[in-house]
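Novice: Have a look at the structure that comes next, please.
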Amino acid sequence: MTISFKDRVAIVTGAGGGLGRAYALDLAARGAKVVVNDLGGSRDGTGTSDAAAQVVEEIKAAGGEAMANGGSVTEYEQMVEMVAKTKEAWGGVHVLINNAGILRDKSFAKMEPADFDLVVKVHLLGSANCTKAVWETMREQNYGRILMTASSTGLYGNFGQANYGAAKLGLAGLTKTLYLEGAKNNIKVNTLAPVAGTRMTEDIFPPEAFAQFKPENVVPAAVYLVSEDAPTNMIIGAGAGAFHAAYVTMTQGAALPEGERTAEGVARIFDKITDRTGETVPQSGSEQAMTIMRLLQG
Ligand code: NAI
């Protein structure tokens with residue numbers, strides 16, 4: 001089965017290079033009309049360039065349709081304007097890949113509040129801005145596919161990336177509520193945790209790994225997750241042609257009887273609380289209260 005994006009309109013943020021560029025090229029090759037958004041800054045978020053226009057040229061040279069947008073995801077009004085222009089040109093927006101990102105790595109002890117603020121602003125609030133800007137259109141169309149970009153740092157942690165990790169797990173949280181709110185309008189929302197050799201990781205990967213982890217090897221997961229038959233509420237990891245899923249799970253837990261609900265009581269049953277036998281993957285927050293009720297009844 002071929003996955004086609006014919007008659008679909010896609011916006012990819014931060015698509016002037018790295019992973020976003022690779023997503024944009026593949027979507028366009030599959031027939032999508034693509035908005036290549038990128039302000040073209042450096043890795044730490046400073047400066048601007050015509051990176052988006054260059055990717056548009058590449059897409060056009062390959063016979064695809066694309067337009068450049070130099071707006072910053074941190075500016076909600078610019079994202080609203082981008083969506084308005086997209087609809088004016090192409091009539092709708094079916095796919096949004098929230099991919100724009102920057103780094104301000106430092107140990108938390110050395111991290112300035114401004115570094116924390118900007119990283120959360122670009123990744124988390126930037127993705128919320130773009131998603132909000134397309135949300136009503138997707139509801140009206142009864143069709144939407146949205147991908148958030150998380151990271152292993154957000155899911156599992158990484159020394160020196162407290163700001164980035166907080167923003168990235170926030171995006172998985174955003175997915176988990178938006179998938180519920182979008183379901184009745186056929187809006188599917190997923191999270192991708194990529195691993196790729198780009199300028200963001202060029203000083204982390206050794207040269208051999210850099211080639212193996214090329215962005216094109218993440219593209220299949222991103223493109224599937226915004227396709228017509230995409231799942232929803234998934235967290236998928238992808239790198240070098242390997243793929244896996246990550247889950248937020250809940251153990252069966254244990255209850256303390258009245259009169260024993262003390263810190264000492266929790267210490268006593270802590271092994272039981274954290275025992276992973278019978279662990280579940282809740283599909284909404286209310287399942288925590290339901291599990292508690294079941295425990296108390298049982
Ligand atoms: P990259 O630095 O090549 O791409 C990020 C792009 O976002 C750049 O082109 C940049 O100009 C753009 N951008 C930054 N701030 C923006 C803003 N305010 N508005 C619009 N565009 C903006 O890095 P890469 O690796 O391609 O990263 C893409 C996404 O994947 C990021 O969200 C990153 O955090 C995430 N990621 C990447 C990993 C990797 O191994 N490369 C690992 C985990 C997550």
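By convention in this document, the chains of the structure tokens carry letters A, B, ... by their order, each chain's residues are numbered from 1, and ligands are numbered from 1 in the order they are shown.
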Using only C-alpha atoms and all ligand atoms, find each protein or nucleic acid residue lying at most 7 Å from ligand 1; present the set as JSON, numbers by chain.
Specialist: {"A": [13, 14, 15, 16, 17, 18, 19, 20, 37, 38, 39, 40, 41, 42, 43, 45, 71, 72, 73, 74, 99, 100, 101, 102, 122, 123, 126, 149, 150, 151, 152, 193, 194, 195, 196, 197, 198, 199, 200, 201]}
Novice: Would you mind exporting the chosen residues as a short mmCIF file (atom, residue, chain, number, x, y, z; two decimals), in the first residue's frame, restricted to N, CA and C atoms?
Specialist:
```
data_model
loop_
_atom_site.label_atom_id
_atom_site.label_comp_id
_atom_site.auth_asym_id
_atom_site.auth_seq_id
_atom_site.Cartn_x
_atom_site.Cartn_y
_atom_site.Cartn_z
N THR A 13 7.24 22.80 10.80
CA THR A 13 7.99 23.90 11.41
C THR A 13 9.46 23.51 11.55
N GLY A 14 10.32 24.50 11.49
CA GLY A 14 11.76 24.23 11.58
C GLY A 14 12.25 23.35 10.45
N ALA A 15 11.68 23.56 9.26
CA ALA A 15 11.98 22.66 8.12
C ALA A 15 13.06 23.21 7.20
N GLY A 16 13.80 24.21 7.68
CA GLY A 16 14.88 24.76 6.86
C GLY A 16 16.14 23.92 6.88
N GLY A 17 16.16 22.87 7.69
CA GLY A 17 17.35 22.00 7.77
C GLY A 17 17.01 20.75 8.55
N GLY A 18 18.01 19.90 8.76
CA GLY A 18 17.88 18.73 9.64
C GLY A 18 16.67 17.86 9.35
N LEU A 19 16.01 17.44 10.41
CA LEU A 19 14.87 16.52 10.28
C LEU A 19 13.69 17.16 9.55
N GLY A 20 13.41 18.41 9.87
CA GLY A 20 12.24 19.08 9.27
C GLY A 20 12.34 19.14 7.76
N ASN A 37 8.27 26.04 7.17
CA ASN A 37 8.46 27.14 8.12
C ASN A 37 9.85 27.05 8.74
N ASP A 38 10.53 28.16 8.82
CA ASP A 38 11.80 28.22 9.56
C ASP A 38 12.26 29.66 9.62
N LEU A 39 12.65 30.09 10.82
CA LEU A 39 13.19 31.46 10.85
C LEU A 39 14.67 31.44 10.50
N GLY A 40 15.24 30.24 10.43
CA GLY A 40 16.61 30.13 9.94
C GLY A 40 17.67 30.58 10.92
N GLY A 41 17.42 30.40 12.21
CA GLY A 41 18.39 30.83 13.22
C GLY A 41 19.49 29.81 13.44
N SER A 42 20.38 30.13 14.37
CA SER A 42 21.45 29.19 14.72
C SER A 42 20.93 28.21 15.76
N ARG A 43 21.80 27.27 16.15
CA ARG A 43 21.36 26.20 17.03
C ARG A 43 20.84 26.71 18.38
N GLY A 45 19.22 29.46 18.77
CA GLY A 45 18.01 30.27 18.57
C GLY A 45 18.28 31.72 18.19
N GLY A 71 8.25 32.77 9.70
CA GLY A 71 7.74 33.15 11.02
C GLY A 71 8.38 32.35 12.14
N SER A 72 8.35 32.90 13.35
CA SER A 72 8.86 32.19 14.52
C SER A 72 7.71 31.51 15.24
N VAL A 73 7.92 30.26 15.59
CA VAL A 73 6.86 29.52 16.29
C VAL A 73 6.54 30.14 17.66
N THR A 74 7.45 30.96 18.16
CA THR A 74 7.21 31.57 19.46
C THR A 74 6.18 32.71 19.38
N ASN A 99 8.19 20.68 14.73
CA ASN A 99 9.55 20.16 14.73
C ASN A 99 10.60 21.21 15.12
N ALA A 100 10.25 22.50 15.04
CA ALA A 100 11.23 23.55 15.31
C ALA A 100 11.83 23.40 16.70
N GLY A 101 13.12 23.65 16.80
CA GLY A 101 13.73 23.53 18.12
C GLY A 101 15.10 24.15 18.20
N ILE A 102 15.50 24.44 19.44
CA ILE A 102 16.82 25.00 19.72
C ILE A 102 17.41 24.31 20.94
N VAL A 122 10.31 27.93 22.75
CA VAL A 122 10.38 27.45 21.36
C VAL A 122 9.72 26.08 21.23
N HIS A 123 10.11 25.13 22.07
CA HIS A 123 9.63 23.76 21.89
C HIS A 123 8.17 23.62 22.33
N GLY A 126 5.92 27.01 21.45
CA GLY A 126 5.92 27.11 19.99
C GLY A 126 5.00 26.07 19.37
N THR A 149 7.24 16.80 18.48
CA THR A 149 8.57 16.22 18.54
C THR A 149 9.09 16.24 19.97
N ALA A 150 9.16 15.07 20.55
CA ALA A 150 9.75 14.95 21.90
C ALA A 150 11.21 14.57 21.75
N SER A 151 11.73 13.86 22.70
CA SER A 151 13.14 13.49 22.67
C SER A 151 13.39 12.49 23.78
N SER A 152 14.44 11.70 23.62
CA SER A 152 14.80 10.76 24.69
C SER A 152 15.08 11.54 25.98
N ALA A 193 9.95 10.68 19.05
CA ALA A 193 11.25 10.93 19.68
C ALA A 193 12.33 10.48 18.70
N PRO A 194 12.88 11.42 17.92
CA PRO A 194 13.86 11.03 16.90
C PRO A 194 15.28 10.93 17.46
N VAL A 195 16.10 10.22 16.74
CA VAL A 195 17.56 10.26 16.98
C VAL A 195 18.19 10.44 15.61
N ALA A 196 18.86 11.56 15.40
CA ALA A 196 19.39 11.82 14.06
C ALA A 196 20.65 12.67 14.12
N GLY A 197 21.50 12.45 13.16
CA GLY A 197 22.70 13.27 13.01
C GLY A 197 22.34 14.56 12.29
N THR A 198 22.22 15.65 13.03
CA THR A 198 21.94 16.96 12.44
C THR A 198 22.87 17.96 13.13
N ARG A 199 22.71 19.22 12.83
CA ARG A 199 23.60 20.19 13.50
C ARG A 199 23.35 20.19 15.01
N MET A 200 22.14 19.74 15.40
CA MET A 200 21.81 19.71 16.83
C MET A 200 22.65 18.67 17.57
N THR A 201 23.04 17.62 16.84
CA THR A 201 23.75 16.51 17.50
C THR A 201 25.16 16.32 16.93
#
```
Novice: Just the residues within 10 Å of A:Gln252, please, counting only C-alpha atoms, with nothing from its chain fewer than 4 positions along; format it as number ranges by chain.
Specialist: A: 272-280, 288, 291-292, 294-295
Novice: Export C-alpha atoms of the chosen residues as a PDB file, in the first residue's frame?
Specialist:
```
ATOM      1  CA  LYS A 272       4.133  -3.473  46.181  1.00  0.00           C
ATOM      2  CA  ILE A 273       3.380   0.081  44.958  1.00  0.00           C
ATOM      3  CA  THR A 274       6.183  -0.121  42.422  1.00  0.00           C
ATOM      4  CA  ASP A 275       5.689  -3.766  41.381  1.00  0.00           C
ATOM      5  CA  ARG A 276       5.227  -3.744  37.609  1.00  0.00           C
ATOM      6  CA  THR A 277       3.162  -6.940  37.435  1.00  0.00           C
ATOM      7  CA  GLY A 278      -0.147  -6.142  35.772  1.00  0.00           C
ATOM      8  CA  GLU A 279       0.943  -2.608  34.805  1.00  0.00           C
ATOM      9  CA  THR A 280      -1.513  -0.763  32.515  1.00  0.00           C
ATOM     10  CA  GLN A 288      -5.953   6.734  37.864  1.00  0.00           C
ATOM     11  CA  THR A 291      -7.751   2.199  39.557  1.00  0.00           C
ATOM     12  CA  ILE A 292      -7.785   3.701  43.046  1.00  0.00           C
ATOM     13  CA  ARG A 294     -10.954  -0.644  42.301  1.00  0.00           C
ATOM     14  CA  LEU A 295      -8.117  -1.046  44.793  1.00  0.00           C
TER      15      LEU A 295
END
```
Novice: Please report, as a ChimeraX atom specification, each residue of stretch 17-73 of chain A to which DSSP assigns helix (DSSP H, G or I) when run on this structure's backbone.
Specialist: /A:18-29,51-61
Novice: For the selection you just gave me, I'd like the residues written to a file as a PDB file, in the first residue's frame, keeping C-alpha atoms.
Specialist:
```
ATOM      1  CA  GLY A  18      17.884  18.730   9.637  1.00  0.00           C
ATOM      2  CA  LEU A  19      14.871  16.521  10.284  1.00  0.00           C
ATOM      3  CA  GLY A  20      12.239  19.078   9.271  1.00  0.00           C
ATOM      4  CA  ARG A  21      13.765  19.463   5.817  1.00  0.00           C
ATOM      5  CA  ALA A  22      13.776  15.678   5.356  1.00  0.00           C
ATOM      6  CA  TYR A  23      10.088  15.462   6.404  1.00  0.00           C
ATOM      7  CA  ALA A  24       9.151  18.295   4.039  1.00  0.00           C
ATOM      8  CA  LEU A  25      10.946  16.712   1.071  1.00  0.00           C
ATOM      9  CA  ASP A  26       9.270  13.328   1.602  1.00  0.00           C
ATOM     10  CA  LEU A  27       5.796  14.784   2.134  1.00  0.00           C
ATOM     11  CA  ALA A  28       6.159  16.864  -1.033  1.00  0.00           C
ATOM     12  CA  ALA A  29       7.416  13.845  -2.993  1.00  0.00           C
ATOM     13  CA  ALA A  51      16.884  28.413   5.100  1.00  0.00           C
ATOM     14  CA  ALA A  52      13.158  27.876   4.446  1.00  0.00           C
ATOM     15  CA  ALA A  53      13.346  29.395   0.954  1.00  0.00           C
ATOM     16  CA  GLN A  54      16.231  27.100   0.057  1.00  0.00           C
ATOM     17  CA  VAL A  55      14.240  23.989   0.982  1.00  0.00           C
ATOM     18  CA  VAL A  56      11.300  25.296  -1.042  1.00  0.00           C
ATOM     19  CA  GLU A  57      13.650  25.579  -4.026  1.00  0.00           C
ATOM     20  CA  GLU A  58      14.736  21.968  -3.518  1.00  0.00           C
ATOM     21  CA  ILE A  59      11.132  20.781  -3.404  1.00  0.00           C
ATOM     22  CA  LYS A  60      10.217  22.748  -6.511  1.00  0.00           C
ATOM     23  CA  ALA A  61      13.269  21.463  -8.360  1.00  0.00           C
TER      24      ALA A  61
END
```
Novice: Which of stretch 37-191 of chain A end up as strand (DSSP E or B) when DSSP is run on this backbone - answer as a PyMOL selection string?
Specialist: chain A and resi 37+65-69+95-98+106+144-149+161+187-191
Novice: To one decimal place in Å, what is the distance between atom CA of A:Thr131 and atom CA of A:Val9?
Specialist: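 So the two atoms, atom CA of A:Thr131 and atom CA of A:Val9, lie 14.5 Å apart.
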Novice: Could you pull the residues within 12 Å of stretch 106-112 of chain A, counting only C-alpha atoms, minus those fewer than 6 positions along the same chain, as a PDB file with N, CA and C atoms, in the first residue's frame?
Specialist:
```
ATOM      1  N   ASP A  44      21.365  27.842  18.849  1.00  0.00           N
ATOM      2  CA  ASP A  44      20.895  28.361  20.141  1.00  0.00           C
ATOM      3  C   ASP A  44      19.736  29.349  19.989  1.00  0.00           C
ATOM      4  N   LEU A 118      13.616  30.348  27.204  1.00  0.00           N
ATOM      5  CA  LEU A 118      13.617  30.358  25.734  1.00  0.00           C
ATOM      6  C   LEU A 118      13.413  28.949  25.165  1.00  0.00           C
ATOM      7  N   VAL A 119      14.037  27.969  25.793  1.00  0.00           N
ATOM      8  CA  VAL A 119      13.913  26.597  25.280  1.00  0.00           C
ATOM      9  C   VAL A 119      12.460  26.099  25.438  1.00  0.00           C
ATOM     10  N   ASN A 158      18.508  13.558  30.514  1.00  0.00           N
ATOM     11  CA  ASN A 158      19.880  13.673  30.004  1.00  0.00           C
ATOM     12  C   ASN A 158      20.602  14.803  30.738  1.00  0.00           C
ATOM     13  N   PHE A 159      21.775  14.525  31.203  1.00  0.00           N
ATOM     14  CA  PHE A 159      22.567  15.525  31.931  1.00  0.00           C
ATOM     15  C   PHE A 159      22.739  16.782  31.072  1.00  0.00           C
ATOM     16  N   GLY A 160      22.470  17.929  31.640  1.00  0.00           N
ATOM     17  CA  GLY A 160      22.718  19.199  30.939  1.00  0.00           C
ATOM     18  C   GLY A 160      21.557  19.693  30.099  1.00  0.00           C
ATOM     19  N   GLN A 161      20.418  18.996  30.179  1.00  0.00           N
ATOM     20  CA  GLN A 161      19.294  19.407  29.332  1.00  0.00           C
ATOM     21  C   GLN A 161      17.984  19.525  30.125  1.00  0.00           C
ATOM     22  N   ALA A 162      18.054  20.133  31.292  1.00  0.00           N
ATOM     23  CA  ALA A 162      16.853  20.255  32.127  1.00  0.00           C
ATOM     24  C   ALA A 162      15.756  21.059  31.413  1.00  0.00           C
ATOM     25  N   ASN A 163      16.161  22.163  30.775  1.00  0.00           N
ATOM     26  CA  ASN A 163      15.197  23.020  30.068  1.00  0.00           C
ATOM     27  C   ASN A 163      14.549  22.267  28.906  1.00  0.00           C
ATOM     28  N   TYR A 164      15.393  21.622  28.137  1.00  0.00           N
ATOM     29  CA  TYR A 164      14.960  20.885  26.945  1.00  0.00           C
ATOM     30  C   TYR A 164      14.087  19.681  27.331  1.00  0.00           C
ATOM     31  N   GLY A 165      14.524  18.952  28.348  1.00  0.00           N
ATOM     32  CA  GLY A 165      13.776  17.773  28.795  1.00  0.00           C
ATOM     33  C   GLY A 165      12.393  18.143  29.311  1.00  0.00           C
ATOM     34  N   ALA A 166      12.322  19.235  30.055  1.00  0.00           N
ATOM     35  CA  ALA A 166      11.018  19.666  30.591  1.00  0.00           C
ATOM     36  C   ALA A 166      10.072  20.016  29.446  1.00  0.00           C
TER      37      ALA A 166
END
```
Novice: Closest to A:Asp229 among A:Arg30, A:Gly144, A:Leu103, A:Ala62, using only C-alpha atoms?
Specialist: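 The shortest atom-to-atom distance to A:Asp229 comes from A:Gly144.
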Novice: Using only C-alpha atoms for the distances, tell me which of A:Val36, A:Val219, A:Leu171, A:Met79 is nearest to A:Met67.
Specialist: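 Going through A:Val36, A:Val219, A:Leu171, A:Met79 one by one, the smallest distance to A:Met67 is for A:Val36.
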